[in-house]
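J.: Dropping in target-v6.csv, with CSV, C-alpha atoms and all ligand atoms.
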chain,number,residue,atom,x,y,z
R,1,MET,CA,-0.7,25.9,24.8
R,2,THR,CA,-0.1,22.9,22.5
R,3,THR,CA,-1.6,21.7,19.2
R,4,LEU,CA,-3.4,19.1,21.3
R,5,THR,CA,-5.2,21.6,23.4
R,6,THR,CA,-6.1,24.3,20.9
R,7,ALA,CA,-8.4,24.6,17.9
R,8,PRO,CA,-8.9,23.1,15.4
R,9,LEU,CA,-7.7,19.8,16.9
R,10,ALA,CA,-9.0,20.1,20.5
R,11,PRO,CA,-12.8,20.2,19.7
R,12,ILE,CA,-12.4,17.5,17.0
R,13,LEU,CA,-10.6,15.2,19.4
R,14,ALA,CA,-13.1,15.8,22.2
R,15,ARG,CA,-15.9,14.7,19.8
R,16,LEU,CA,-14.0,11.7,18.6
R,17,LEU,CA,-13.2,10.6,22.1
R,18,ASP,CA,-16.9,10.9,23.0
R,19,ASP,CA,-17.8,8.8,19.9
R,20,ALA,CA,-15.2,6.3,21.0
R,21,ASP,CA,-16.8,6.0,24.4
R,22,VAL,CA,-20.2,5.3,22.9
R,23,SER,CA,-18.6,2.7,20.5
R,24,SER,CA,-16.8,1.1,23.4
R,25,ALA,CA,-20.0,0.7,25.4
R,26,ALA,CA,-21.7,-0.9,22.5
R,27,LEU,CA,-18.8,-3.3,21.9
R,28,ASN,CA,-18.8,-4.4,25.6
R,29,VAL,CA,-22.5,-5.4,25.1
R,30,GLU,CA,-21.5,-7.3,22.0
R,31,PHE,CA,-18.6,-9.0,23.8
R,32,ALA,CA,-20.8,-10.0,26.7
R,33,SER,CA,-23.1,-11.9,24.3
R,34,MET,CA,-20.2,-13.8,22.6
R,35,THR,CA,-19.9,-17.6,23.0
R,36,GLU,CA,-16.7,-19.1,24.5
R,37,GLN,CA,-15.7,-20.2,21.0
R,38,GLU,CA,-16.1,-16.7,19.6
R,39,ARG,CA,-14.0,-15.3,22.4
R,40,ALA,CA,-11.2,-17.8,21.8
R,41,GLN,CA,-11.1,-16.6,18.2
R,42,LEU,CA,-10.0,-13.1,19.4
R,43,HIS,CA,-6.7,-14.7,20.3
R,44,ASP,CA,-6.4,-16.8,17.2
R,45,PRO,CA,-3.7,-15.5,14.8
R,46,GLY,CA,-5.6,-16.9,11.8
R,47,GLN,CA,-8.8,-14.9,12.6
R,48,TYR,CA,-7.6,-11.4,12.9
R,49,ARG,CA,-8.8,-10.1,9.5
R,50,ALA,CA,-12.3,-11.4,10.0
R,51,LEU,CA,-12.4,-10.2,13.6
R,52,TYR,CA,-11.4,-6.6,12.7
R,53,HIS,CA,-13.8,-6.6,9.7
R,54,ARG,CA,-16.6,-7.4,12.1
R,55,ALA,CA,-15.5,-4.5,14.3
R,56,ARG,CA,-15.2,-2.1,11.3
R,57,ASP,CA,-17.7,0.4,12.7
R,58,HIS,CA,-16.0,0.5,16.1
R,59,HIS,CA,-13.2,2.9,17.2
R,60,LEU,CA,-11.4,0.5,19.5
R,61,ALA,CA,-9.4,3.6,20.3
R,62,VAL,CA,-6.6,4.2,22.8
R,63,SER,CA,-7.8,5.6,26.1
R,64,ARG,CA,-7.6,9.3,26.9
R,65,ASP,CA,-4.6,8.6,29.2
R,66,THR,CA,-2.8,6.6,26.5
R,67,GLY,CA,-3.5,9.3,24.0
R,68,ARG,CA,-1.8,11.8,26.3
R,69,LEU,CA,1.0,9.4,26.9
R,70,LEU,CA,1.6,9.1,23.1
R,71,TYR,CA,1.7,12.9,22.8
R,72,MET,CA,4.1,13.2,25.8
R,73,GLN,CA,6.4,10.4,24.6
R,74,ALA,CA,6.6,11.8,21.1
R,75,ARG,CA,7.5,15.2,22.5
R,76,ALA,CA,10.0,13.8,25.0
R,77,VAL,CA,12.0,12.0,22.3
R,78,ARG,CA,11.5,14.9,19.8
R,79,ALA,CA,10.1,12.4,17.4
R,80,ARG,CA,10.3,13.2,13.7
R,81,ASN,CA,9.4,9.8,12.3
R,82,ILE,CA,6.5,7.8,13.8
R,83,VAL,CA,5.0,4.5,12.7
R,84,GLU,CA,1.5,3.5,13.8
R,85,PHE,CA,0.2,-0.1,13.5
R,86,GLY,CA,-3.6,0.2,13.7
R,87,THR,CA,-5.1,3.6,12.9
R,88,SER,CA,-8.9,2.9,13.0
R,89,PHE,CA,-10.7,6.3,13.1
R,90,GLY,CA,-7.5,8.1,14.2
R,91,VAL,CA,-7.6,8.9,17.9
R,92,SER,CA,-4.0,7.9,18.4
R,93,THR,CA,-3.0,9.4,15.0
R,94,LEU,CA,-4.2,12.8,16.1
R,95,HIS,CA,-2.3,12.7,19.3
R,96,LEU,CA,0.9,11.6,17.6
R,97,ALA,CA,0.5,14.1,14.7
R,98,ALA,CA,0.0,16.9,17.2
R,99,ALA,CA,3.3,16.0,18.8
R,100,LEU,CA,5.0,16.1,15.4
R,101,ARG,CA,3.6,19.5,14.7
R,102,ASP,CA,4.8,20.8,18.1
R,103,ASN,CA,8.2,19.2,17.5
R,104,GLY,CA,8.5,21.3,14.4
R,105,GLY,CA,7.4,18.8,11.8
R,106,GLY,CA,7.9,15.2,10.7
R,107,ARG,CA,6.2,12.2,9.3
R,108,LEU,CA,3.7,9.7,10.7
R,109,ILE,CA,3.0,6.5,8.7
R,110,GLY,CA,-0.3,4.9,9.8
R,111,SER,CA,-1.7,1.5,8.8
R,112,GLU,CA,-5.3,0.3,8.5
R,113,PHE,CA,-6.9,-2.4,6.4
R,114,GLU,CA,-10.5,-1.3,6.6
R,115,PRO,CA,-10.9,1.2,3.7
R,116,ALA,CA,-13.8,3.1,5.3
R,117,LYS,CA,-11.7,3.7,8.4
R,118,VAL,CA,-8.8,5.0,6.3
R,119,ALA,CA,-11.1,7.4,4.6
R,120,ARG,CA,-12.7,8.7,7.8
R,121,ALA,CA,-9.3,9.0,9.6
R,122,SER,CA,-7.9,10.8,6.7
R,123,ASP,CA,-10.8,13.3,6.7
R,124,THR,CA,-10.4,13.9,10.4
R,125,VAL,CA,-6.7,14.4,10.1
R,126,ALA,CA,-7.3,16.9,7.3
R,127,ALA,CA,-10.0,18.7,9.3
R,128,ALA,CA,-7.5,19.0,12.2
R,129,GLY,CA,-5.0,20.7,9.9
R,130,LEU,CA,-2.5,17.8,10.2
R,131,ALA,CA,-2.7,16.2,6.8
R,132,ASP,CA,0.8,17.4,5.8
R,133,LEU,CA,2.3,15.2,8.5
R,134,VAL,CA,0.3,12.0,8.1
R,135,GLU,CA,0.2,9.2,5.5
R,136,ILE,CA,-2.3,6.4,6.3
R,137,ARG,CA,-1.5,3.3,4.3
R,138,GLU,CA,-4.4,1.0,3.4
R,139,GLY,CA,-3.9,-2.7,3.5
R,140,ASP,CA,-2.3,-5.3,5.8
R,141,ALA,CA,0.4,-3.6,7.8
R,142,LEU,CA,2.7,-6.6,7.3
R,143,GLU,CA,2.8,-5.5,3.7
R,144,THR,CA,2.3,-1.7,3.8
R,145,LEU,CA,4.9,-1.1,6.5
R,146,ALA,CA,7.5,-3.3,4.7
R,147,HIS,CA,8.6,-0.7,2.1
R,148,HIS,CA,9.3,3.0,1.6
R,149,MET,CA,9.7,3.6,5.4
R,150,PRO,CA,11.3,6.6,7.0
R,151,GLU,CA,14.5,6.2,8.9
R,152,PRO,CA,15.4,6.4,11.7
R,153,ILE,CA,12.1,5.7,13.4
R,154,ASP,CA,11.8,7.5,16.7
R,155,LEU,CA,8.5,6.1,18.0
R,156,VAL,CA,6.2,3.2,17.2
R,157,LEU,CA,2.6,2.6,18.4
R,158,LEU,CA,1.5,-1.0,18.2
R,159,ASP,CA,-2.3,-1.1,18.3
R,160,GLY,CA,-3.4,-3.5,15.5
R,161,ALA,CA,-3.9,-7.3,15.6
R,162,LYS,CA,-2.2,-8.4,18.8
R,163,PRO,CA,-0.8,-11.7,17.4
R,164,LEU,CA,1.1,-9.6,14.9
R,165,TYR,CA,3.0,-7.5,17.4
R,166,PRO,CA,6.2,-9.6,17.2
R,167,ALA,CA,6.2,-9.6,13.4
R,168,VAL,CA,5.5,-5.9,13.1
R,169,LEU,CA,8.3,-5.1,15.6
R,170,ALA,CA,10.7,-7.4,13.6
R,171,LEU,CA,9.8,-5.5,10.5
R,172,LEU,CA,10.5,-2.1,12.0
R,173,ALA,CA,13.4,-3.0,14.3
R,174,PRO,CA,16.2,-2.5,11.7
R,175,ARG,CA,15.1,1.2,11.4
R,176,LEU,CA,14.7,2.0,15.1
R,177,ARG,CA,17.1,4.5,16.4
R,178,PRO,CA,18.7,3.8,19.8
R,179,GLY,CA,16.3,5.4,22.3
R,180,ALA,CA,13.3,4.9,20.2
R,181,VAL,CA,10.1,4.3,22.2
R,182,ILE,CA,7.6,1.5,21.4
R,183,ILE,CA,4.2,1.8,23.0
R,184,ALA,CA,2.1,-1.4,22.7
R,185,ASP,CA,-1.6,-1.2,23.6
R,186,ASN,CA,-3.0,-4.4,25.2
R,187,ALA,CA,0.3,-6.2,24.8
R,188,ASP,CA,-0.7,-8.7,27.4
R,189,TRP,CA,-2.6,-10.3,24.6
R,190,SER,CA,0.7,-11.3,23.0
R,191,GLU,CA,3.0,-13.3,25.4
R,192,GLU,CA,5.4,-13.7,22.6
R,193,TYR,CA,5.7,-9.9,22.2
R,194,LEU,CA,6.2,-9.4,26.0
R,195,ALA,CA,8.9,-12.1,26.0
R,196,ILE,CA,10.9,-10.2,23.3
R,197,VAL,CA,10.7,-6.7,24.9
R,198,ARG,CA,11.2,-8.0,28.4
R,199,ASP,CA,14.1,-10.3,27.6
R,200,PRO,CA,16.8,-9.1,30.1
R,201,VAL,CA,19.6,-9.8,27.5
R,202,GLY,CA,17.6,-8.5,24.6
R,203,ARG,CA,17.6,-5.1,22.8
R,204,TYR,CA,14.8,-3.4,24.7
R,205,THR,CA,14.1,-2.1,28.2
R,206,SER,CA,10.4,-2.5,29.0
R,207,LEU,CA,7.7,-2.2,31.6
R,208,ALA,CA,4.0,-2.5,31.9
R,209,PHE,CA,2.7,1.1,32.2
R,210,GLY,CA,-0.8,2.0,33.5
R,211,GLU,CA,-3.6,-0.4,32.9
R,212,ASP,CA,-3.1,-1.5,29.3
R,213,VAL,CA,0.2,-0.3,27.9
R,214,GLU,CA,3.7,-1.9,27.5
R,215,LEU,CA,6.2,0.9,27.3
R,216,SER,CA,9.6,-0.1,25.8
R,217,VAL,CA,12.8,1.6,24.7
R,218,PHE,CA,15.0,0.3,22.0
R,219,THR,CA,18.4,0.2,23.6
R,220,GLY,CA,20.3,-0.4,20.4
M,1,LIG,C1,-7.4,-1.1,18.3
M,1,LIG,S1,-7.8,-0.4,16.8
M,1,LIG,C2,-6.7,1.0,16.6
M,1,LIG,C3,-7.2,2.1,17.4
M,1,LIG,C4,-6.4,3.4,17.1
M,1,LIG,N1,-5.0,3.3,17.4
M,1,LIG,C5,-7.0,4.6,17.9
M,1,LIG,O1,-6.5,5.0,18.9
M,1,LIG,O2,-8.1,5.0,17.5
M,1,LIG,C6,-7.0,-1.6,15.7
M,1,LIG,C7,-7.2,-1.2,14.3
M,1,LIG,O3,-6.1,-1.9,13.6
M,1,LIG,C8,-6.6,-2.4,12.4
M,1,LIG,N2,-5.8,-3.6,12.1
M,1,LIG,C9,-5.6,-4.7,12.8
M,1,LIG,N3,-4.7,-5.5,12.2
M,1,LIG,C10,-4.3,-4.8,11.1
M,1,LIG,C11,-3.3,-5.2,10.1
M,1,LIG,N4,-2.6,-6.4,10.2
M,1,LIG,N5,-3.0,-4.3,9.2
M,1,LIG,C12,-3.7,-3.1,9.1
M,1,LIG,N6,-4.7,-2.7,10.0
M,1,LIG,C13,-4.9,-3.6,11.0
M,1,LIG,C14,-8.1,-2.8,12.7
M,1,LIG,O4,-8.9,-2.8,11.5
M,1,LIG,C15,-8.5,-1.7,13.7
M,1,LIG,O5,-9.1,-0.6,13.1
Would you mind writing the file's structure down as structure tokens?
T.:
Amino acid sequence: MTTLTTAPLAPILARLLDDADVSSAALNVEFASMTEQERAQLHDPGQYRALYHRARDHHLAVSRDTGRLLYMQARAVRARNIVEFGTSFGVSTLHLAAALRDNGGGRLIGSEFEPAKVARASDTVAAAGLADLVEIREGDALETLAHHMPEPIDLVLLDGAKPLYPAVLALLAPRLRPGAVIIADNADWSEEYLAIVRDPVGRYTSLAFGEDVELSVFTG
């Protein structure tokens, strides 16, 4: 039995994941109706704020498998300090906070620039009985994750604007402990990020894991 699989979290998470499925189906329809120009904007570093504002009602959540991977990795490294770039409505946050609870406690710093998402994720985290472990910082992660950060960081989830993955990693790297795990969702959208974590003479060991995750370890 784990926090993930028991009440109050389990039924809350099941509902949230069902909502996320509905939201994802609606988003696919929206995506299919986009022009080529609009699609190109998805990869434009200058457009990320507008893009995510447009998607403010959508979960864009990690998959069920990735959620489980987050929980497992956080348990495996006995994470105490976790940083999350891109909280949305909190699917990944709940998996990571559940791992902190089962590890005996800790701190998760989330980040989200859509105020309504911060409010909803915070309510959900509280309803799941995990509020004492989670702080969701409202604003651009490049600013909110730049100060008052825990150390050492044991695990990082990168799931915000893809063009910012290299900058967010650079921001957090000085606080990573050797052996820290970095899980980057849809990292294939940032070639620059993949070049950093896959550099054979760099500070990470990394591989593509499953369909949409890049799993990396900070080797120190
Ligand atoms: C893919 S969703 C995150 C999904 C979430 N991890 C989950 O599993 O439910 C990305 C979220 O990151 C937020 N975001 C993107 N870039 C950001 C930034 N620079 N600072 C703060 N939030 C950001 C978006 O508003 C969006 O809600």
J.: Could you please extract the residues within 7 Å of ligand LIG 1 (chain M), counting all atoms listed in the file, and hand them back as JSON, numbers by chain?
T.: {"R": [48, 49, 52, 53, 56, 59, 60, 61, 62, 85, 86, 87, 88, 89, 90, 91, 92, 93, 111, 112, 113, 114, 117, 139, 140, 141, 142, 159, 160, 161, 164]}
J.: So how far away is atom CA of R:Ala40 from atom CA of R:Asp188, in Å?
T.: 15.0 Å
J.: Mind checking which residues fall within 6 Å of stretch 10-25 of chain R, counting only C-alpha atoms, ignoring those fewer than 4 positions away in the same chain, and posting them as an MDAnalysis selection string?
T.: chainID R and resid 4:6 58:59
J.: Could those selected residues go to a file with C-alpha atoms, as a PDB file, in the frame of the given file?
T.:
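As written to disk, again.pdb reads:
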ATOM      1  CA  LEU R   4      -3.400  19.100  21.300  1.00  0.00           C
ATOM      2  CA  THR R   5      -5.200  21.600  23.400  1.00  0.00           C
ATOM      3  CA  THR R   6      -6.100  24.300  20.900  1.00  0.00           C
ATOM      4  CA  HIS R  58     -16.000   0.500  16.100  1.00  0.00           C
ATOM      5  CA  HIS R  59     -13.200   2.900  17.200  1.00  0.00           C
TER       6      HIS R  59
END
J.: Could you tell me which of R:Ala195, R:Met34, R:Met1, R:Met72 comes closest to R:Leu96 if we count all atoms listed in the file?
T.: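 Once distances to R:Leu96 are computed over all atoms listed in the file, the minimum belongs to R:Met72.
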J.: Name all residues at most 10 Å from R:Ala208 (count all atoms listed in the file; drop same-chain ones fewer than 3 positions away) and give them as an mmCIF file with C-alpha atoms, keeping the file's coordinate frame.
T.:
data_model
loop_
_atom_site.group_PDB
_atom_site.id
_atom_site.type_symbol
_atom_site.label_atom_id
_atom_site.label_comp_id
_atom_site.auth_asym_id
_atom_site.auth_seq_id
_atom_site.Cartn_x
_atom_site.Cartn_y
_atom_site.Cartn_z
ATOM 1 C CA ILE R 183 4.200 1.800 23.000
ATOM 2 C CA ALA R 184 2.100 -1.400 22.700
ATOM 3 C CA ASN R 186 -3.000 -4.400 25.200
ATOM 4 C CA ALA R 187 0.300 -6.200 24.800
ATOM 5 C CA ASP R 188 -0.700 -8.700 27.400
ATOM 6 C CA LEU R 194 6.200 -9.400 26.000
ATOM 7 C CA ARG R 198 11.200 -8.000 28.400
ATOM 8 C CA GLU R 211 -3.600 -0.400 32.900
ATOM 9 C CA ASP R 212 -3.100 -1.500 29.300
ATOM 10 C CA VAL R 213 0.200 -0.300 27.900
ATOM 11 C CA GLU R 214 3.700 -1.900 27.500
ATOM 12 C CA LEU R 215 6.200 0.900 27.300
ATOM 13 C CA SER R 216 9.600 -0.100 25.800
#
J.: Using all atoms listed in the file, can you tell me which of R:Ala127, R:Val156, R:Ala119, R:Lys162 comes closest to R:Asp44?
T.: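 The shortest atom-to-atom distance to R:Asp44 comes from R:Lys162.
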J.: Between R:Tyr71, R:Trp189, R:Phe218, R:Phe209, which has the minimum distance to R:His43 (counting all atoms listed in the file)?
T.: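 Selected residue with least distance to R:His43: R:Trp189.
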J.: Skip R:His147 itself and residues of its chain fewer than 3 positions away, then list as a ChimeraX atom specification all residues within 12 Å of it, counting all atoms listed in the file.
T.: /R:109,137,141-144,150-151,171-172,175
J.: So that I can check the surroundings of R:Val77, please list as a PyMOL selection string every protein, DNA and RNA residue that reaches within 12 Å of it, counting all atoms listed in the file and ignoring chain neighbours fewer than 3 positions away.
T.: chain R and resi 70-74+80-82+99-100+103+153-156+177-182+217
J.: In Å, rounded to a single decimal, give me how far atom CA of R:Ala32 is from atom CA of R:Glu191.
T.: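 We find that atom CA of R:Glu191 and atom CA of R:Ala32 lie 24.1 Å from each other.
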J.: I'd like the interatomic distance between atom CA of R:Arg101 and atom CA of R:Arg68, to a tenth of an Å.
T.: 14.9 Å
J.: Which one of R:Leu51, R:Ile196, R:Asp185, R:Leu69 sits closest to R:Phe31 if you count all atoms listed in the file?
T.: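 Selected residue with least distance to R:Phe31: R:Leu51.
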J.: Name the closest residue to R:Gln41 among the candidates R:Glu192, R:Met149, R:Pro163, R:Gly67; distances are taken between atoms, counting only C-alpha atoms.
T.: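 The shortest atom-to-atom distance to R:Gln41 comes from R:Pro163.
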